[in-house]
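Reproduced below: query.txt, with compact mmCIF, C-alpha atoms and all ligand atoms.
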# COMPACT_ATOMS: atom_id res chain seq x y z
CA MET Y 1 97.45 6.69 123.40
CA PRO Y 2 100.83 8.11 124.49
CA PRO Y 3 102.11 7.12 127.94
CA ARG Y 4 100.74 8.90 130.98
CA HIS Y 5 103.81 11.08 131.70
CA ILE Y 6 103.77 12.38 128.11
CA ARG Y 7 100.06 13.17 128.29
CA LYS Y 8 100.64 14.97 131.58
CA ALA Y 9 103.43 17.07 130.08
CA VAL Y 10 101.30 17.96 127.05
CA LEU Y 11 98.41 18.97 129.29
CA LYS Y 12 100.72 21.13 131.42
CA ALA Y 13 102.07 22.80 128.30
CA ARG Y 14 98.55 23.52 127.03
CA ILE Y 15 97.53 25.00 130.38
CA SER Y 16 100.57 27.27 130.61
CA SER Y 17 100.66 28.11 126.88
CA GLN Y 18 100.93 31.80 126.03
CA VAL Y 19 98.70 31.38 122.95
CA GLU Y 20 95.81 33.86 123.04
CA ASP Y 21 93.12 31.25 122.41
CA HIS Y 22 91.01 32.14 125.43
CA GLU Y 23 89.04 34.92 127.07
CA PRO Y 24 90.65 36.84 129.95
CA LYS Y 25 87.49 36.90 132.09
CA CYS Y 26 84.79 34.34 132.93
CA SER Y 27 81.79 34.65 130.61
CA ILE Y 28 79.18 34.29 133.38
CA PRO Y 29 77.58 37.74 133.76
CA GLY Y 30 78.75 39.54 136.88
CA CYS Y 31 81.54 37.03 137.65
CA GLY Y 32 84.68 38.90 136.62
CA ARG Y 33 87.12 36.17 137.71
CA PRO Y 34 89.89 35.22 135.30
CA THR Y 35 89.21 32.18 133.12
CA MET Y 36 91.10 29.03 134.09
CA ARG Y 37 93.24 29.37 130.99
CA SER Y 38 94.20 32.95 131.70
CA ALA Y 39 94.94 32.04 135.34
CA LYS Y 40 96.98 29.04 134.06
CA GLN Y 41 94.84 26.73 136.18
CA GLY Y 42 93.29 24.60 133.49
CA LEU Y 43 91.98 24.37 129.94
CA ALA Y 44 88.68 26.20 130.42
CA ALA Y 45 88.93 29.11 127.98
CA TYR Y 46 85.65 30.84 128.84
CA HIS Y 47 85.01 30.14 132.51
CA CYS Y 48 86.70 30.60 135.89
CA ARG Y 49 87.54 27.75 138.26
CA TYR Y 50 84.51 28.48 140.47
CA HIS Y 51 82.06 28.18 137.59
CA VAL Y 52 83.83 25.13 136.11
CA GLU Y 53 83.51 23.37 139.47
CA HIS Y 54 79.89 24.51 139.72
CA ARG Y 55 79.16 22.82 136.40
CA ALA Y 56 80.88 19.60 137.52
CA ARG Y 57 78.71 19.41 140.64
CA HIS Y 58 75.37 20.68 139.31
CA GLY Y 59 75.46 20.14 135.54
CA SER Y 60 75.28 23.88 134.82
CA HIS Y 61 77.85 26.65 135.05
CA TRP Y 62 75.36 28.88 136.86
CA HIS Y 63 72.12 27.12 137.88
CA LYS Y 64 72.30 25.42 141.25
CA SER Y 65 70.78 22.01 141.92
CA TYR Y 66 67.08 21.86 142.69
CA ARG Y 67 66.12 21.11 146.26
CA ALA Y 68 63.95 18.12 147.11
CA THR Y 69 61.09 20.47 148.06
CA GLU Y 70 61.15 22.14 144.64
CA LEU Y 71 60.87 18.77 142.92
CA LYS Y 72 58.16 17.41 145.22
CA PRO Y 73 54.95 18.54 143.42
CA TYR Y 74 56.35 17.27 140.11
CA LEU Y 75 57.21 13.91 141.69
CA ALA Y 76 53.71 13.63 143.12
CA ALA Y 77 52.17 14.32 139.71
CA ALA Y 78 54.56 11.91 137.97
CA SER Y 79 53.79 9.19 140.47
CA ASP Y 80 50.02 9.58 139.99
CA TRP Y 81 50.46 9.63 136.24
CA ILE Y 82 52.58 6.45 136.23
CA GLU Y 83 50.02 4.68 138.40
CA GLU Y 84 47.31 5.50 135.82
CA HIS Y 85 49.43 4.52 132.82
CA ARG Y 86 51.55 1.59 133.97
CA ASP Y 87 50.09 -0.67 131.28
CA GLU Y 88 50.85 1.72 128.45
CA HIS Y 89 53.40 0.20 126.09
CA TRP Y 90 56.30 2.63 126.67
CA VAL Y 91 55.70 2.91 130.40
CA ALA Y 92 55.63 -0.86 130.88
CA ALA Y 93 58.81 -1.19 128.80
CA ALA Y 94 60.63 1.49 130.81
CA LEU Y 95 59.65 -0.09 134.14
CA THR Y 96 60.89 -3.49 132.95
CA SER Y 97 64.22 -2.12 131.77
CA LEU Y 98 64.75 -0.06 134.92
CA THR Y 99 64.21 -3.22 136.98
CA ALA Y 100 66.76 -5.05 134.83
CA LEU Y 101 69.18 -2.13 135.14
CA MET Y 102 69.09 -2.31 138.94
CA ASP Y 103 69.14 -6.14 138.99
CA ASP Y 104 72.25 -6.22 136.81
CA ALA Y 105 74.10 -3.51 138.73
CA GLY Y 106 76.16 -5.94 140.82
CA ARG Y 107 76.95 -5.61 144.49
CA ALA Y 108 76.07 -2.56 146.56
CA GLU Y 109 79.61 -1.97 147.83
CA THR Y 110 80.05 0.16 150.92
CA ALA Y 111 81.61 3.60 150.77
CA ASN Y 112 84.96 2.22 151.95
CA ASN Y 113 85.21 -0.27 149.10
CA ILE Y 114 84.64 2.08 146.21
CA ARG Y 115 87.82 4.09 146.42
CA GLY Y 116 89.76 3.93 143.18
CA LEU Y 117 86.90 2.45 141.13
CA SER Y 118 85.96 4.01 137.79
CA PRO Y 119 83.05 6.46 137.62
CA GLN Y 120 81.13 3.90 135.52
CA ARG Y 121 81.52 1.25 138.21
CA ARG Y 122 80.57 3.69 140.94
CA ALA Y 123 77.44 4.67 139.06
CA LYS Y 124 76.49 0.97 138.91
CA ILE Y 125 77.07 0.69 142.65
CA ALA Y 126 74.75 3.66 143.15
CA LEU Y 127 72.09 1.72 141.22
CA ALA Y 128 72.76 -1.40 143.29
CA ARG Y 129 72.25 0.68 146.46
CA LEU Y 130 68.89 1.85 145.14
CA ARG Y 131 67.93 -1.80 144.62
CA GLU Y 132 69.09 -2.72 148.15
CA ALA Y 133 67.07 0.20 149.53
CA ASP Y 134 64.05 -1.32 147.77
CA ILE Y 135 63.58 1.65 145.47
CA LYS Y 136 61.01 0.75 142.84
CA PRO Y 137 61.51 1.43 139.12
CA GLU Y 138 58.43 3.69 139.29
CA ARG Y 139 60.42 6.06 141.52
CA LEU Y 140 63.22 6.36 138.96
CA LEU Y 141 60.84 6.91 136.05
CA GLY Y 142 58.97 9.40 138.23
CA ILE Y 143 62.18 11.31 138.92
CA HIS Y 144 63.03 11.49 135.23
CA LEU Y 145 59.56 12.78 134.32
CA ALA Y 146 59.52 15.19 137.27
CA VAL Y 147 62.94 16.72 136.59
CA TYR Y 148 62.12 17.24 132.92
CA ALA Y 149 58.73 18.77 133.72
CA LEU Y 150 60.23 21.10 136.34
CA ILE Y 151 63.06 22.30 134.09
CA GLU Y 152 60.57 22.82 131.27
CA GLU Y 153 58.18 24.85 133.41
CA ASP Y 154 60.67 26.96 135.40
CA PRO Y 155 61.43 29.99 133.20
CA GLY Y 156 64.67 30.63 135.13
CA SER Y 157 66.00 27.12 134.61
CA HIS Y 158 68.92 26.02 132.49
CA ASN Y 159 67.20 23.85 129.94
CA VAL Y 160 70.13 21.84 128.59
CA ARG Y 161 70.60 18.10 128.55
CA GLU Y 162 73.61 18.07 130.87
CA PHE Y 163 71.72 19.90 133.61
CA ARG Y 164 68.71 17.62 133.23
CA VAL Y 165 70.84 14.45 133.40
CA VAL Y 166 72.77 15.57 136.49
CA GLN Y 167 69.58 16.68 138.25
CA VAL Y 168 67.98 13.27 137.58
CA ALA Y 169 71.07 11.55 139.00
CA LYS Y 170 71.16 13.77 142.08
CA ALA Y 171 67.50 13.11 142.87
CA ALA Y 172 68.03 9.35 142.42
CA HIS Y 173 71.24 9.35 144.41
CA ARG Y 174 69.50 11.06 147.33
CA LEU Y 175 67.15 8.07 147.69
CA ALA Y 176 69.81 5.70 148.92
CA SER Y 177 73.10 7.04 150.01
CA GLY Y 178 74.83 8.28 153.02
CA TYR Y 179 74.74 7.88 156.72
CA HIS Y 180 71.49 8.35 158.55
CA GLN Y 181 70.92 7.97 162.23
CA THR Y 182 68.19 9.02 164.61
CA TRP Y 183 68.34 9.18 168.38
CA ASP Y 184 65.05 9.36 170.26
CA ASP Y 185 64.58 10.40 173.88
CA ILE Y 186 67.46 12.86 174.03
CA PRO Y 187 67.00 14.63 177.40
CA LEU Y 188 66.23 18.32 177.03
CA GLU Y 189 65.88 21.09 179.57
CA GLY Y 190 62.77 20.97 181.72
CA GLY Y 191 62.58 17.17 181.76
CA LYS Y 192 61.42 16.92 178.14
CA THR Y 193 62.94 14.64 175.58
CA GLY Y 194 63.67 15.25 171.95
CA ARG Y 195 64.92 13.61 168.83
CA TRP Y 196 68.28 14.13 167.17
CA GLU Y 197 68.86 13.19 163.56
CA ILE Y 198 71.99 13.15 161.47
CA HIS Y 199 71.80 12.77 157.71
CA ARG Y 200 74.99 12.84 155.75
CA TYR Y 201 75.25 12.26 152.04
CA PRO Y 202 78.66 11.72 150.56
CA ARG Y 203 79.14 14.01 147.64
CA SER Y 204 79.13 12.03 144.44
CA SER Y 205 81.61 13.13 141.83
CA GLY Y 206 80.34 14.88 138.76
CA ARG Y 207 81.42 12.03 136.51
CA VAL Y 208 79.57 9.41 138.57
CA LEU Y 209 76.42 11.55 138.43
CA ARG Y 210 76.68 11.88 134.66
CA HIS Y 211 76.98 8.10 134.20
CA LEU Y 212 74.14 7.43 136.62
CA GLY Y 213 71.89 10.04 135.01
CA LYS Y 214 72.66 8.75 131.52
CA MET Y 215 71.80 5.14 132.47
CA ILE Y 216 68.45 6.21 133.90
CA GLU Y 217 67.83 8.50 130.93
CA ASP Y 218 68.40 5.70 128.41
CA GLU Y 219 65.52 3.73 129.93
CA CYS Y 220 63.14 6.65 130.51
CA GLU Y 221 63.52 8.99 127.55
CA HIS Y 222 60.86 7.32 125.37
CA VAL Y 223 58.27 7.89 128.07
CA THR Y 224 59.48 11.38 128.96
CA ASP Y 225 59.63 12.55 125.35
CA ARG Y 226 56.03 11.51 124.84
CA TYR Y 227 54.38 12.32 128.15
CA ARG Y 228 56.21 14.98 130.14
CA LYS Y 229 53.66 17.56 128.97
CA ASP Y 230 50.84 15.43 130.40
CA VAL Y 231 52.73 15.14 133.70
CA LEU Y 232 53.31 18.89 133.73
CA ALA Y 233 49.59 19.53 133.07
CA LEU Y 234 48.72 17.21 135.96
CA LYS Y 235 51.15 19.05 138.25
CA VAL Y 236 49.73 22.43 137.24
CA SER Y 237 46.17 21.27 137.86
CA GLY Y 238 47.08 19.95 141.30
CA PHE Y 239 49.63 22.47 142.52
CA GLY Y 240 49.40 25.52 140.25
CA ARG Y 241 52.06 27.10 138.11
CA HIS Y 242 55.73 27.41 139.03
CA PRO Y 243 56.30 30.33 141.47
CA ALA Y 244 58.61 32.01 138.97
CA ILE Y 245 55.62 32.26 136.59
CA THR Y 246 53.03 33.43 139.11
CA ASN Y 247 55.47 35.71 140.94
CA PRO Y 248 58.29 36.57 138.54
CA LYS Y 249 61.49 37.99 139.98
CA PRO Y 250 64.18 39.51 137.81
CA THR Y 251 67.28 37.36 137.81
CA PRO Y 252 70.67 38.76 136.91
CA LEU Y 253 71.07 36.06 134.29
CA ALA Y 254 67.78 36.49 132.48
CA LEU Y 255 68.08 38.59 129.38
CA PRO Y 256 65.88 41.69 129.35
CA PRO Y 257 62.69 40.92 127.38
CA GLU Y 258 63.54 43.21 124.47
CA ARG Y 259 66.73 41.25 123.81
CA ARG Y 260 65.15 37.84 124.06
CA ARG Y 261 63.53 37.64 120.63
CA PRO Y 262 65.11 40.19 118.33
CA SER Y 263 63.23 38.72 115.36
CA ASP Y 264 59.90 39.87 116.84
CA ARG Y 265 60.80 43.55 116.78
ZN ZN G 301 83.05 32.65 136.80
Just give me the structure of the file as structure tokens.
Amino acid sequence: MPPRHIRKAVLKARISSQVEDHEPKCSIPGCGRPTMRSAKQGLAAYHCRYHVEHRARHGSHWHKSYRATELKPYLAAASDWIEEHRDEHWVAAALTSLTALMDDAGRAETANNIRGLSPQRRAKIALARLREADIKPERLLGIHLAVYALIEEDPGSHNVREFRVVQVAKAAHRLASGYHQTWDDIPLEGGKTGRWEIHRYPRSSGRVLRHLGKMIEDECEHVTDRYRKDVLALKVSGFGRHPAITNPKPTPLALPPERRRPSDR
């Protein structure tokens, strides 16, 4: 590899190049911002800076991360399913390897000690924190199954691997990160007392999330490939269909039905 200052110069030249190898406007419908290449901000030839950063954080140029409440019924179904099938060959194997993955993740460094470490190392530290927080392998397998079932059922979702992997990592990361404090007996007006809670999660970089999601995926995919439909069926029987199916709303990104399957016409 050429030295760093050469690589930097080459990158700069590519970003500011006048070659017409890019689109002028972002390809996300309704966006209209200039692409990073046309704005000379970066190499993205088809997307603007906003949508490039969106993809780094969420794993999709346009679909935002799922909230914990949206994932909840799928997690409940996955957890029940795992409980029933923990002795099944693939499930038992995944739980064993997830345990090993967390056991081998090294020390759970504090936030102050991870500055400057590689994304790979930081993803391992995230796993070590899950271990220290006593997160069981069943939770991680449950997250993988739940995220895949949710993305499969939600007709408005972005069903691509990158989005799935980042969403798995975000859900796992939420289990053990950040600063949480609760104060009880805070005096309120009228002599009452209340509770005050602060929950702060440091934002994990997109690259750390991709490494973390990939490590979890490697151990879970055999189970999820085989059984996510069973988990989805269990979720539907317990909680009903996804709201976007029972109560569909037009989204600006969904193609009109007549354009969706031109071969059917
Ligand atoms: Zn855009």
List all protein, DNA and RNA residues that have an atom no more than 7 Å from any atom of ligand ZN 301 (chain G), counting only C-alpha atoms and all ligand atoms, and report them as a list of chain:residue names.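 The distance check yields Y:Cys26, Y:Ser27, Y:Ile28, Y:Cys31, Y:Gly32, Y:Arg33, Y:His47, Y:Cys48, Y:Arg49, Y:Tyr50, Y:His51.
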If we count only C-alpha atoms, what is near range 42-46 of chain Y at a cut-off of 8 Å, once residues fewer than 3 positions away on the same chain are taken out, given as an MDAnalysis selection string? chainID Y and resid 14:15 21:27 35:39 52
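Distance annotation: of Y:Ala172, Y:Leu11, Y:Trp81, Y:Glu53, the residue with the minimal separation from Gly238 in chain Y is Y:Trp81; atom set is only C-alpha atoms.
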Which residues of range 7-85 of chain Y have any atom within 12 Å of an atom in range 222-226 of chain Y when counting all atoms listed in the file, and what is the closest pair of atoms for each, with the distance in Å to one decimal? Order the rows by chain and rising number and write it as a Markdown table.
| residue | atom | partner | partner_atom | distance |
| --- | --- | --- | --- | --- |
| Y:Ala78 | CA | Y:Thr224 | CA | 10.3 |
| Y:Trp81 | CA | Y:Val223 | CA | 11.4 |
| Y:Ile82 | CA | Y:Val223 | CA | 10.1 |
| Y:His85 | CA | Y:Val223 | CA | 10.6 |
What's the 8 Å shell around range 150-160 of chain Y, counting all atoms listed in the file, without same-chain residues fewer than 3 positions away, as a PyMOL selection string? chain Y and resi 60+63+71+74+146-147+163-164+232+242+244-245+251+254
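The spacing separating CA of Thr96 in chain Y from CA of Glu162 in chain Y amounts to 25.1 Å.
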Separation of CA of Met215 in chain Y from CA of Gln120 in chain Y in Å: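 Separating CA of Gln120 in chain Y from CA of Met215 in chain Y is a distance of 9.9 Å.
CA of Pro119 in chain Y lies 21.4 Å from CA of Pro3 in chain Y.
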Listed atoms of range 63-79 of chain Y boxed along x, y and z, 3 Å each side, centre and edge lengths in Å, one decimal, as lines of an AutoDock Vina configuration file:
center_x = 62.2
center_y = 18.2
center_z = 143.0
size_x = 26.1
size_y = 23.9
size_z = 16.2
Would you pick out the contacts of range 128-135 of chain Y at 12 Å or less, using only C-alpha atoms, so that residues sharing its chain but fewer than 3 positions from it are not included, and give the list as a PyMOL selection string? chain Y and resi 98-111+121-125+138-143+169+171-178+212
Would you mind listing what lies within 9 Å of Lys235 in chain Y as a VMD selection string, with all atoms listed in the file counted and same-chain residues fewer than 5 positions away left out? chain Y and resid 73 to 78 149 230 240 to 241
Is there a way to get, as a list in words, all residues within 9 Å of the point (81.6, 12.1, 139.8) in file coordinates, counting all atoms listed in the file?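 Residues lying no farther than 9 Å from the given point: Ala56, Arg57, Pro119, Arg122, Ala123, Arg203, Ser204, Ser205, Gly206, Arg207, Val208, Leu209, Arg210 and His211 of chain Y.
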Residue nearest Tyr66 in chain Y - candidates Y:Lys170, Y:Lys229, Y:His5, Y:Arg86, atoms counted: all atoms listed in the file: Y:Lys170
Atom completion result for range 43-68 of chain Y (N, CA and C atoms) as a tab-separated table (two decimals), keeping the file's coordinate frame:
chain	number	residue	atom	x	y	z
Y	43	LEU	N	92.21	24.15	131.37
Y	43	LEU	CA	91.98	24.37	129.94
Y	43	LEU	C	90.73	25.21	129.66
Y	44	ALA	N	89.93	25.49	130.68
Y	44	ALA	CA	88.68	26.20	130.42
Y	44	ALA	C	88.98	27.61	129.90
Y	45	ALA	N	88.57	27.85	128.64
Y	45	ALA	CA	88.93	29.11	127.98
Y	45	ALA	C	87.92	30.21	128.25
Y	46	TYR	N	86.72	29.84	128.71
Y	46	TYR	CA	85.65	30.84	128.84
Y	46	TYR	C	85.11	30.96	130.26
Y	47	HIS	N	85.57	30.10	131.16
Y	47	HIS	CA	85.01	30.14	132.51
Y	47	HIS	C	86.10	30.07	133.58
Y	48	CYS	N	85.77	30.62	134.75
Y	48	CYS	CA	86.70	30.60	135.89
Y	48	CYS	C	86.61	29.24	136.60
Y	49	ARG	N	87.52	29.02	137.54
Y	49	ARG	CA	87.54	27.75	138.26
Y	49	ARG	C	86.23	27.54	139.03
Y	50	TYR	N	85.73	28.61	139.68
Y	50	TYR	CA	84.51	28.48	140.47
Y	50	TYR	C	83.35	27.97	139.61
Y	51	HIS	N	83.19	28.57	138.42
Y	51	HIS	CA	82.06	28.18	137.59
Y	51	HIS	C	82.27	26.84	136.90
Y	52	VAL	N	83.54	26.47	136.65
Y	52	VAL	CA	83.83	25.13	136.11
Y	52	VAL	C	83.47	24.07	137.15
Y	53	GLU	N	83.84	24.34	138.41
Y	53	GLU	CA	83.51	23.37	139.47
Y	53	GLU	C	82.00	23.32	139.71
Y	54	HIS	N	81.34	24.46	139.57
Y	54	HIS	CA	79.89	24.51	139.72
Y	54	HIS	C	79.23	23.60	138.68
Y	55	ARG	N	79.72	23.67	137.46
Y	55	ARG	CA	79.16	22.82	136.40
Y	55	ARG	C	79.40	21.33	136.70
Y	56	ALA	N	80.59	21.00	137.22
Y	56	ALA	CA	80.88	19.60	137.52
Y	56	ALA	C	79.89	19.06	138.56
Y	57	ARG	N	79.57	19.87	139.55
Y	57	ARG	CA	78.71	19.41	140.64
Y	57	ARG	C	77.23	19.45	140.29
Y	58	HIS	N	76.81	20.46	139.52
Y	58	HIS	CA	75.37	20.68	139.31
Y	58	HIS	C	74.92	20.42	137.88
Y	59	GLY	N	75.85	20.34	136.93
Y	59	GLY	CA	75.46	20.14	135.54
Y	59	GLY	C	75.18	21.44	134.80
Y	60	SER	N	75.48	22.57	135.45
Y	60	SER	CA	75.28	23.88	134.82
Y	60	SER	C	76.34	24.82	135.39
Y	61	HIS	N	76.87	25.69	134.54
Y	61	HIS	CA	77.85	26.65	135.05
Y	61	HIS	C	77.24	27.56	136.10
Y	62	TRP	N	75.93	27.84	135.99
Y	62	TRP	CA	75.36	28.88	136.86
Y	62	TRP	C	74.12	28.46	137.63
Y	63	HIS	N	73.37	27.46	137.17
Y	63	HIS	CA	72.12	27.12	137.88
Y	63	HIS	C	72.42	26.09	138.96
Y	64	LYS	N	72.00	26.38	140.19
Y	64	LYS	CA	72.30	25.42	141.25
Y	64	LYS	C	71.29	24.26	141.21
Y	65	SER	N	71.64	23.19	141.92
Y	65	SER	CA	70.78	22.01	141.92
Y	65	SER	C	69.44	22.33	142.58
Y	66	TYR	N	68.40	21.69	142.08
Y	66	TYR	CA	67.08	21.86	142.69
Y	66	TYR	C	67.04	21.15	144.03
Y	67	ARG	N	66.31	21.75	144.96
Y	67	ARG	CA	66.12	21.11	146.26
Y	67	ARG	C	64.98	20.11	146.15
Y	68	ALA	N	64.99	19.16	147.11
Y	68	ALA	CA	63.95	18.12	147.11
Y	68	ALA	C	62.55	18.75	147.17
